[in-house]
$ cat input-v4.txt   # compact mmCIF, C-alpha atoms and all ligand atoms
# COMPACT_ATOMS: atom_id res chain seq x y z
CA PRO A 1 -41.82 -14.37 -60.66
CA PRO A 2 -44.95 -13.80 -58.60
CA PRO A 3 -47.98 -15.70 -59.88
CA SER A 4 -50.44 -13.58 -61.77
CA LYS A 5 -53.91 -13.72 -60.37
CA SER A 6 -57.11 -12.73 -61.97
CA ALA A 7 -60.50 -12.81 -60.41
CA GLY A 8 -64.09 -12.27 -61.31
CA ALA A 9 -64.94 -10.19 -64.32
CA LYS A 10 -61.56 -8.44 -64.47
CA PRO A 11 -58.92 -10.77 -65.81
CA THR A 12 -55.46 -9.27 -65.65
CA THR A 13 -53.84 -8.27 -68.89
CA PRO A 14 -51.17 -10.83 -69.64
CA ALA A 15 -47.66 -9.49 -69.87
CA GLY A 16 -46.05 -10.16 -73.20
CA GLU A 17 -46.42 -9.44 -76.82
CA HIS A 18 -50.20 -9.16 -77.03
CA PRO A 19 -51.33 -7.06 -74.05
CA ALA A 20 -54.49 -6.02 -75.84
CA TYR A 21 -55.91 -9.55 -75.86
CA GLY A 22 -56.35 -9.43 -72.08
CA ALA A 23 -59.24 -7.03 -72.62
CA CYS A 24 -61.06 -9.21 -75.16
CA THR A 25 -64.55 -10.34 -74.32
CA ARG A 26 -65.53 -12.20 -77.51
CA PHE A 27 -63.88 -15.19 -79.13
CA ASP A 28 -63.66 -13.41 -82.48
CA GLU A 29 -61.40 -10.74 -80.93
CA LEU A 30 -58.75 -13.36 -80.11
CA PRO A 31 -55.90 -14.16 -82.51
CA LEU A 32 -57.47 -17.44 -83.65
CA SER A 33 -57.38 -19.22 -86.98
CA GLN A 34 -60.39 -18.63 -89.20
CA LYS A 35 -61.18 -22.37 -88.98
CA THR A 36 -61.44 -22.19 -85.20
CA LYS A 37 -63.49 -18.99 -85.38
CA ASP A 38 -65.84 -20.73 -87.80
CA GLY A 39 -66.14 -23.75 -85.50
CA LEU A 40 -66.93 -21.53 -82.52
CA ARG A 41 -69.47 -19.53 -84.49
CA LYS A 42 -71.25 -22.66 -85.76
CA ALA A 43 -71.44 -23.94 -82.19
CA GLU A 44 -72.84 -20.54 -81.19
CA TYR A 45 -70.03 -19.66 -78.79
CA THR A 46 -69.67 -15.88 -78.92
CA VAL A 47 -68.87 -14.27 -75.57
CA MET A 48 -66.11 -15.73 -73.42
CA SER A 49 -66.73 -16.79 -69.84
CA ASP A 50 -64.46 -15.38 -67.11
CA ILE A 51 -62.10 -18.35 -67.02
CA GLN A 52 -61.87 -18.29 -70.81
CA ARG A 53 -61.08 -14.57 -70.84
CA ALA A 54 -58.45 -15.04 -68.16
CA ALA A 55 -56.83 -18.20 -69.51
CA LEU A 56 -57.01 -18.05 -73.30
CA PRO A 57 -54.62 -15.11 -73.92
CA HIS A 58 -51.93 -16.87 -71.83
CA ALA A 59 -52.57 -20.31 -73.27
CA LEU A 60 -52.51 -18.97 -76.83
CA CYS A 61 -49.11 -17.41 -76.11
CA GLY A 62 -47.83 -20.88 -75.24
CA ARG A 63 -47.71 -20.46 -71.48
CA ASP A 64 -48.36 -23.20 -68.96
CA ILE A 65 -51.51 -22.71 -66.91
CA LEU A 66 -52.88 -23.80 -63.58
CA GLY A 67 -56.50 -22.72 -63.82
CA ALA A 68 -59.27 -22.97 -61.27
CA ALA A 69 -62.91 -22.09 -61.74
CA LYS A 70 -66.09 -23.66 -60.50
CA THR A 71 -67.96 -26.40 -62.31
CA GLY A 72 -69.96 -25.07 -65.23
CA SER A 73 -67.73 -22.05 -65.78
CA GLY A 74 -66.51 -23.14 -69.21
CA LYS A 75 -63.11 -24.67 -68.52
CA THR A 76 -63.33 -27.07 -71.48
CA LEU A 77 -63.06 -24.37 -74.14
CA ALA A 78 -60.18 -22.83 -72.18
CA PHE A 79 -58.04 -25.82 -73.20
CA VAL A 80 -59.78 -27.10 -76.36
CA ILE A 81 -59.15 -23.83 -78.25
CA PRO A 82 -55.43 -23.57 -77.37
CA ALA A 83 -54.92 -27.26 -78.22
CA ILE A 84 -56.45 -26.86 -81.65
CA GLU A 85 -54.61 -23.60 -82.33
CA LYS A 86 -51.28 -25.09 -81.24
CA LEU A 87 -51.51 -27.96 -83.71
CA TYR A 88 -52.82 -25.70 -86.44
CA ARG A 89 -49.92 -23.27 -86.02
CA GLU A 90 -47.48 -26.20 -86.10
CA ARG A 91 -49.16 -27.28 -89.35
CA TRP A 92 -49.92 -30.62 -87.73
CA GLY A 93 -51.23 -33.28 -90.03
CA PRO A 94 -52.48 -36.86 -89.72
CA GLU A 95 -48.99 -38.26 -90.36
CA ASP A 96 -47.50 -36.29 -87.44
CA GLY A 97 -49.05 -38.53 -84.79
CA VAL A 98 -50.18 -37.58 -81.29
CA GLY A 99 -49.71 -33.84 -80.75
CA CYS A 100 -52.00 -33.28 -77.79
CA ILE A 101 -53.16 -35.48 -74.92
CA VAL A 102 -56.08 -34.53 -72.67
CA LEU A 103 -56.39 -36.59 -69.50
CA SER A 104 -59.76 -36.86 -67.81
CA PRO A 105 -60.60 -38.77 -64.62
CA THR A 106 -63.57 -40.57 -66.21
CA THR A 107 -64.44 -41.94 -69.63
CA LYS A 108 -67.77 -40.13 -69.50
CA LEU A 109 -66.02 -36.78 -69.17
CA ALA A 110 -63.52 -37.81 -71.87
CA ALA A 111 -66.42 -38.38 -74.25
CA GLN A 112 -67.87 -34.94 -73.43
CA ILE A 113 -64.52 -33.24 -74.01
CA PHE A 114 -64.13 -35.10 -77.29
CA GLU A 115 -67.50 -33.71 -78.42
CA VAL A 116 -66.26 -30.16 -77.79
CA PHE A 117 -63.13 -30.90 -79.86
CA ARG A 118 -65.41 -32.19 -82.60
CA GLN A 119 -67.54 -29.05 -82.52
CA VAL A 120 -64.80 -26.46 -82.34
CA GLY A 121 -62.40 -28.41 -84.59
CA LYS A 122 -65.10 -29.07 -87.19
CA CYS A 123 -63.36 -27.03 -89.91
CA HIS A 124 -59.86 -28.31 -89.15
CA SER A 125 -58.30 -31.38 -90.68
CA PHE A 126 -56.68 -33.11 -87.72
CA SER A 127 -58.11 -36.19 -86.15
CA ALA A 128 -59.22 -36.41 -82.55
CA GLY A 129 -60.30 -39.48 -80.66
CA ALA A 130 -61.57 -40.40 -77.23
CA ILE A 131 -60.43 -43.70 -75.80
CA VAL A 132 -63.33 -45.30 -74.01
CA GLY A 133 -63.25 -47.44 -70.88
CA ARG A 134 -61.33 -50.70 -70.76
CA ARG A 135 -64.33 -52.81 -69.93
CA LYS A 136 -66.63 -51.13 -72.41
CA ALA A 137 -64.11 -51.39 -75.21
CA GLY A 138 -63.47 -55.11 -74.67
CA ARG A 139 -60.56 -56.92 -76.29
CA LYS A 140 -61.81 -56.28 -79.81
CA GLY A 141 -62.23 -52.59 -79.16
CA VAL A 142 -58.76 -52.36 -77.70
CA GLU A 143 -57.26 -54.11 -80.74
CA GLU A 144 -59.05 -51.69 -83.05
CA GLU A 145 -57.76 -48.79 -80.99
CA LYS A 146 -54.21 -50.08 -81.29
CA ALA A 147 -54.57 -50.09 -85.04
CA CYS A 148 -55.64 -46.47 -85.31
CA ILE A 149 -54.23 -44.73 -82.25
CA ASN A 150 -51.05 -43.61 -83.99
CA ASN A 151 -53.15 -41.77 -86.55
CA LEU A 152 -54.85 -39.62 -83.93
CA ASN A 153 -53.53 -36.11 -83.40
CA ILE A 154 -55.57 -35.32 -80.28
CA LEU A 155 -56.18 -38.04 -77.71
CA VAL A 156 -58.73 -37.65 -74.94
CA CYS A 157 -58.61 -40.43 -72.36
CA THR A 158 -58.28 -41.54 -68.77
CA PRO A 159 -54.76 -42.07 -67.38
CA GLY A 160 -55.30 -45.82 -67.10
CA ARG A 161 -56.18 -46.30 -70.75
CA LEU A 162 -53.24 -44.23 -71.91
CA VAL A 163 -50.85 -46.30 -69.80
CA GLN A 164 -52.38 -49.43 -71.30
CA HIS A 165 -51.44 -48.21 -74.78
CA PHE A 166 -47.92 -47.28 -73.67
CA ASN A 167 -47.55 -50.84 -72.36
CA GLU A 168 -49.31 -52.82 -75.04
CA THR A 169 -49.44 -50.95 -78.32
CA PRO A 170 -46.45 -51.46 -80.61
CA ASN A 171 -45.11 -48.22 -82.08
CA PHE A 172 -47.37 -46.07 -79.89
CA ASP A 173 -45.42 -42.84 -80.13
CA CYS A 174 -45.89 -39.63 -78.20
CA SER A 175 -42.39 -38.29 -78.81
CA GLN A 176 -43.69 -35.31 -80.75
CA LEU A 177 -46.27 -34.29 -78.14
CA GLN A 178 -46.81 -30.52 -78.06
CA MET A 179 -49.37 -30.17 -75.28
CA LEU A 180 -50.59 -32.04 -72.22
CA VAL A 181 -53.89 -31.09 -70.58
CA LEU A 182 -55.20 -32.36 -67.25
CA ASP A 183 -58.90 -31.67 -66.88
CA GLU A 184 -60.23 -32.04 -63.33
CA ALA A 185 -56.54 -31.98 -62.45
CA ASP A 186 -57.16 -32.25 -58.71
CA GLN A 187 -58.88 -35.60 -59.25
CA ILE A 188 -56.24 -36.85 -61.68
CA LEU A 189 -53.52 -35.99 -59.21
CA GLU A 190 -55.18 -37.92 -56.39
CA SER A 191 -53.24 -40.92 -55.17
CA GLY A 192 -55.41 -43.36 -57.12
CA PHE A 193 -53.96 -42.13 -60.41
CA ARG A 194 -50.47 -41.35 -59.14
CA SER A 195 -48.49 -44.24 -60.62
CA GLN A 196 -50.33 -43.95 -63.94
CA VAL A 197 -49.68 -40.23 -64.19
CA ASP A 198 -46.01 -40.75 -63.31
CA ALA A 199 -45.76 -43.41 -66.02
CA ILE A 200 -47.30 -41.03 -68.56
CA LEU A 201 -45.02 -38.14 -67.59
CA SER A 202 -42.01 -40.40 -68.04
CA GLN A 203 -43.08 -41.27 -71.60
CA ILE A 204 -43.76 -37.81 -73.01
CA PRO A 205 -41.41 -34.96 -73.92
CA LYS A 206 -40.42 -32.58 -71.12
CA VAL A 207 -40.51 -29.66 -73.54
CA ARG A 208 -44.21 -29.09 -74.12
CA GLN A 209 -47.06 -26.83 -73.04
CA THR A 210 -49.01 -28.06 -70.02
CA LEU A 211 -52.48 -26.87 -68.99
CA LEU A 212 -54.13 -27.91 -65.72
CA PHE A 213 -57.74 -27.10 -64.96
CA SER A 214 -59.88 -27.95 -61.98
CA ALA A 215 -62.65 -26.60 -59.81
CA THR A 216 -60.26 -25.97 -56.93
CA GLN A 217 -56.52 -25.42 -56.71
CA THR A 218 -55.47 -28.17 -54.36
CA LYS A 219 -52.12 -28.73 -52.78
CA SER A 220 -51.50 -31.77 -54.92
CA VAL A 221 -52.08 -29.74 -58.08
CA LYS A 222 -49.38 -27.35 -56.92
CA ASP A 223 -47.11 -30.29 -56.19
CA LEU A 224 -47.40 -31.45 -59.76
CA ALA A 225 -46.99 -27.92 -60.97
CA ARG A 226 -43.61 -27.81 -59.32
CA VAL A 227 -42.61 -30.98 -61.06
CA SER A 228 -43.62 -30.22 -64.61
CA LEU A 229 -45.08 -26.76 -65.21
CA LYS A 230 -42.79 -24.01 -66.45
CA ASP A 231 -43.48 -20.53 -65.03
CA PRO A 232 -47.19 -21.34 -64.89
CA GLN A 233 -49.83 -18.67 -64.88
CA TYR A 234 -51.98 -19.23 -61.80
CA ILE A 235 -55.46 -18.28 -62.84
CA SER A 236 -58.26 -18.42 -60.34
CA VAL A 237 -61.71 -17.14 -61.16
CA HIS A 238 -64.04 -16.64 -58.24
CA GLU A 239 -67.63 -15.68 -58.15
CA GLU A 240 -68.25 -12.13 -57.12
CA ALA A 241 -69.40 -12.12 -53.48
P1 LIG A 301 -66.60 -26.69 -66.64
O1 LIG A 301 -65.64 -27.64 -67.30
O2 LIG A 301 -65.94 -25.47 -66.07
O3 LIG A 301 -67.46 -27.37 -65.63
P2 LIG A 301 -67.84 -26.68 -69.24
O4 LIG A 301 -66.67 -26.43 -70.08
O5 LIG A 301 -68.31 -28.10 -69.17
O6 LIG A 301 -67.60 -26.14 -67.76
O7 LIG A 301 -69.01 -25.72 -69.73
C1 LIG A 301 -70.27 -25.71 -69.09
C2 LIG A 301 -71.36 -25.34 -70.08
O8 LIG A 301 -71.21 -24.01 -70.53
C3 LIG A 301 -71.35 -26.21 -71.33
O9 LIG A 301 -72.68 -26.54 -71.64
C4 LIG A 301 -70.77 -25.30 -72.38
O10 LIG A 301 -71.26 -25.61 -73.67
C5 LIG A 301 -71.21 -23.94 -71.93
N1 LIG A 301 -70.28 -22.88 -72.32
C6 LIG A 301 -68.95 -22.86 -72.07
N2 LIG A 301 -68.38 -21.71 -72.51
C7 LIG A 301 -69.38 -21.00 -73.08
C8 LIG A 301 -69.43 -19.73 -73.75
N3 LIG A 301 -68.35 -18.97 -73.87
N4 LIG A 301 -70.63 -19.31 -74.22
C9 LIG A 301 -71.72 -20.08 -74.06
N5 LIG A 301 -71.75 -21.29 -73.45
C10 LIG A 301 -70.59 -21.75 -72.96
MG MG A 302 -65.04 -29.53 -66.97
$ encode --input "input-v4.txt" --output "structure tokens" --more "lines below"
Ligand code: ADP
Ligand code: MG
Amino acid sequence: PPPSKSAGAKPTTPAGEHPAYGACTRFDELPLSQKTKDGLRKAEYTVMSDIQRAALPHALCGRDILGAAKTGSGKTLAFVIPAIEKLYRERWGPEDGVGCIVLSPTTKLAAQIFEVFRQVGKCHSFSAGAIVGRRKAGRKGVEEEKACINNLNILVCTPGRLVQHFNETPNFDCSQLQMLVLDEADQILESGFRSQVDAILSQIPKVRQTLLFSATQTKSVKDLARVSLKDPQYISVHEEA
């Protein structure tokens, strides 16, 4: 099928069961759980940005997404909200293990993303954690992580730290994973992360929802899309000229 494109202030209406949601402009018009709506309201998020309007209806329907919008356009909420809603709808609980992984190129960005999960997920009961840098964590920190990582439902981390847990943490289990997110996907798919990303993809279920977001849609992003995205929605939001 041809990729659906949406640009500027007029996101296309997604085909499917909820065509009306394509015209939503506010978060509280979306089919979200009350707990997520409460989290958004407390954080004072009311009106969606263009990338959020274009991506959220598709992501909430369970579709894979390759999304591009410039820095500062609000890409974080475009994956944080679907991740939280996915686990909520699956009635995910602490005992269900890792349900969502968000990969970020840097630990600093991972910490920022984690804060948004904390804000928006405030009223939910799952656990989210950011895995900090190898050097910063030190051996003690890594040992503590190993002890609690299986109790986290949402993991935000760099590819390298995730691979470290796959290699070193006994019983680290991602077999139930529901969603994989690559933030700054173009950076994560650069050659420097290639072997780590391949190792991660080989350890997680093929049947899952995958969301890729970056400032630009690079060739390498499309390469990965061919490998692991299923009928992705290509969503590109440009500034009006
Ligand atoms: P990007 O990842 O595209 O660079 P971010 O997700 O980091 O952008 O968001 C940039 C800033 O915009 C953040 O400070 C965030 O809190 C704010 N923001 C995002 N979406 C909204 C919104 N719908 N309403 C108000 N502020 C928002
Ligand atoms: Mg971002």
$ residues_near_ligand --input "input-v4.txt" --ligand "ligand LIG 301 (chain A)" --cutoff "6 Å" --atoms "only C-alpha atoms and all ligand atoms" --output "count of residues only"
13
$ atom_distance --input "input-v4.txt" --atom1 "CA of Pro205 in chain A" --atom2 "CA of Ser175 in chain A"
6.0 Å
$ residues_near_ligand --input "input-v4.txt" --ligand "ligand MG 302 (chain A)" --cutoff "12 Å" --atoms "all atoms listed in the file" --output "NGL selection string"
:A and (51 or 67-80 or 102-106 or 108-114 or 116 or 181-187 or 212-216)
$ closest_residue --input "input-v4.txt" --among "A:Lys86, A:Lys42, A:Arg208, A:His165" --to "Cys61 in chain A" --atoms "all atoms listed in the file"
A:Lys86
$ residues_around --input "input-v4.txt" --residues "Thr169 in chain A" --least-positions-apart "5" --cutoff "10 Å" --atoms "all atoms listed in the file" --output "ChimeraX atom specification"
/A:142-143,145-147,149-150,163-164
$ atom_distance --input "input-v4.txt" --atom1 "CA of Leu152 in chain A" --atom2 "CA of Ala128 in chain A"
5.6 Å
$ closest_residue --input "input-v4.txt" --among "A:Gln176, A:Ser127, A:Asn167, A:Ser202" --to "Cys148 in chain A" --atoms "all atoms listed in the file"
A:Ser127
$ residues_near_point --input "input-v4.txt" --point "(-55.1, -41.5, -70.8)" --cutoff "8 Å" --atoms "all atoms listed in the file" --output "list of chain:residue names"
A:Ile101, A:Val102, A:Leu103, A:Ser104, A:Ile131, A:Leu155, A:Val156, A:Cys157, A:Thr158, A:Pro159, A:Gly160, A:Arg161, A:Leu162, A:Val163
$ axis_aligned_box --input "input-v4.txt" --around "range 28-39 of chain A" --padding-each-side "8 Å" --output "AutoDock Vina command-line options"
--center_x -61.0 --center_y -17.2 --center_z -84.7 --size_x 26.2 --size_y 29.0 --size_z 25.1
$ residues_near_point --input "input-v4.txt" --point "(-65.4, -15.8, -82.8)" --cutoff "12 Å" --atoms "only C-alpha atoms" --output "MDAnalysis selection string"
chainID A and resid 24:48 81 120
$ write_last_selection --input "input-v4.txt" --atoms "C-alpha atoms" --output "PDB file, in the coordinates of the input"
ATOM      1  CA  CYS A  24     -61.060  -9.210 -75.160  1.00  0.00           C
ATOM      2  CA  THR A  25     -64.550 -10.340 -74.320  1.00  0.00           C
ATOM      3  CA  ARG A  26     -65.530 -12.200 -77.510  1.00  0.00           C
ATOM      4  CA  PHE A  27     -63.880 -15.190 -79.130  1.00  0.00           C
ATOM      5  CA  ASP A  28     -63.660 -13.410 -82.480  1.00  0.00           C
ATOM      6  CA  GLU A  29     -61.400 -10.740 -80.930  1.00  0.00           C
ATOM      7  CA  LEU A  30     -58.750 -13.360 -80.110  1.00  0.00           C
ATOM      8  CA  PRO A  31     -55.900 -14.160 -82.510  1.00  0.00           C
ATOM      9  CA  LEU A  32     -57.470 -17.440 -83.650  1.00  0.00           C
ATOM     10  CA  SER A  33     -57.380 -19.220 -86.980  1.00  0.00           C
ATOM     11  CA  GLN A  34     -60.390 -18.630 -89.200  1.00  0.00           C
ATOM     12  CA  LYS A  35     -61.180 -22.370 -88.980  1.00  0.00           C
ATOM     13  CA  THR A  36     -61.440 -22.190 -85.200  1.00  0.00           C
ATOM     14  CA  LYS A  37     -63.490 -18.990 -85.380  1.00  0.00           C
ATOM     15  CA  ASP A  38     -65.840 -20.730 -87.800  1.00  0.00           C
ATOM     16  CA  GLY A  39     -66.140 -23.750 -85.500  1.00  0.00           C
ATOM     17  CA  LEU A  40     -66.930 -21.530 -82.520  1.00  0.00           C
ATOM     18  CA  ARG A  41     -69.470 -19.530 -84.490  1.00  0.00           C
ATOM     19  CA  LYS A  42     -71.250 -22.660 -85.760  1.00  0.00           C
ATOM     20  CA  ALA A  43     -71.440 -23.940 -82.190  1.00  0.00           C
ATOM     21  CA  GLU A  44     -72.840 -20.540 -81.190  1.00  0.00           C
ATOM     22  CA  TYR A  45     -70.030 -19.660 -78.790  1.00  0.00           C
ATOM     23  CA  THR A  46     -69.670 -15.880 -78.920  1.00  0.00           C
ATOM     24  CA  VAL A  47     -68.870 -14.270 -75.570  1.00  0.00           C
ATOM     25  CA  MET A  48     -66.110 -15.730 -73.420  1.00  0.00           C
ATOM     26  CA  ILE A  81     -59.150 -23.830 -78.250  1.00  0.00           C
ATOM     27  CA  VAL A 120     -64.800 -26.460 -82.340  1.00  0.00           C
TER      28      VAL A 120
END
$ atom_distance --input "input-v4.txt" --atom1 "CA of Ala59 in chain A" --atom2 "CA of Gln178 in chain A"
12.7 Å
$ closest_residue --input "input-v4.txt" --among "A:Ile154, A:Leu211, A:Ala54, A:Leu66" --to "Gly97 in chain A" --atoms "all atoms listed in the file"
A:Ile154
$ closest_residue --input "input-v4.txt" --among "A:Ser191, A:Gln217, A:Gln196, A:Thr210" --to "Leu60 in chain A" --atoms "only C-alpha atoms"
A:Thr210
$ residues_around --input "input-v4.txt" --residues "Asn153 in chain A" --least-positions-apart "3" --cutoff "10 Å" --atoms "all atoms listed in the file" --output "ChimeraX atom specification"
/A:84,87,92-101,125-129,149-150,174,177
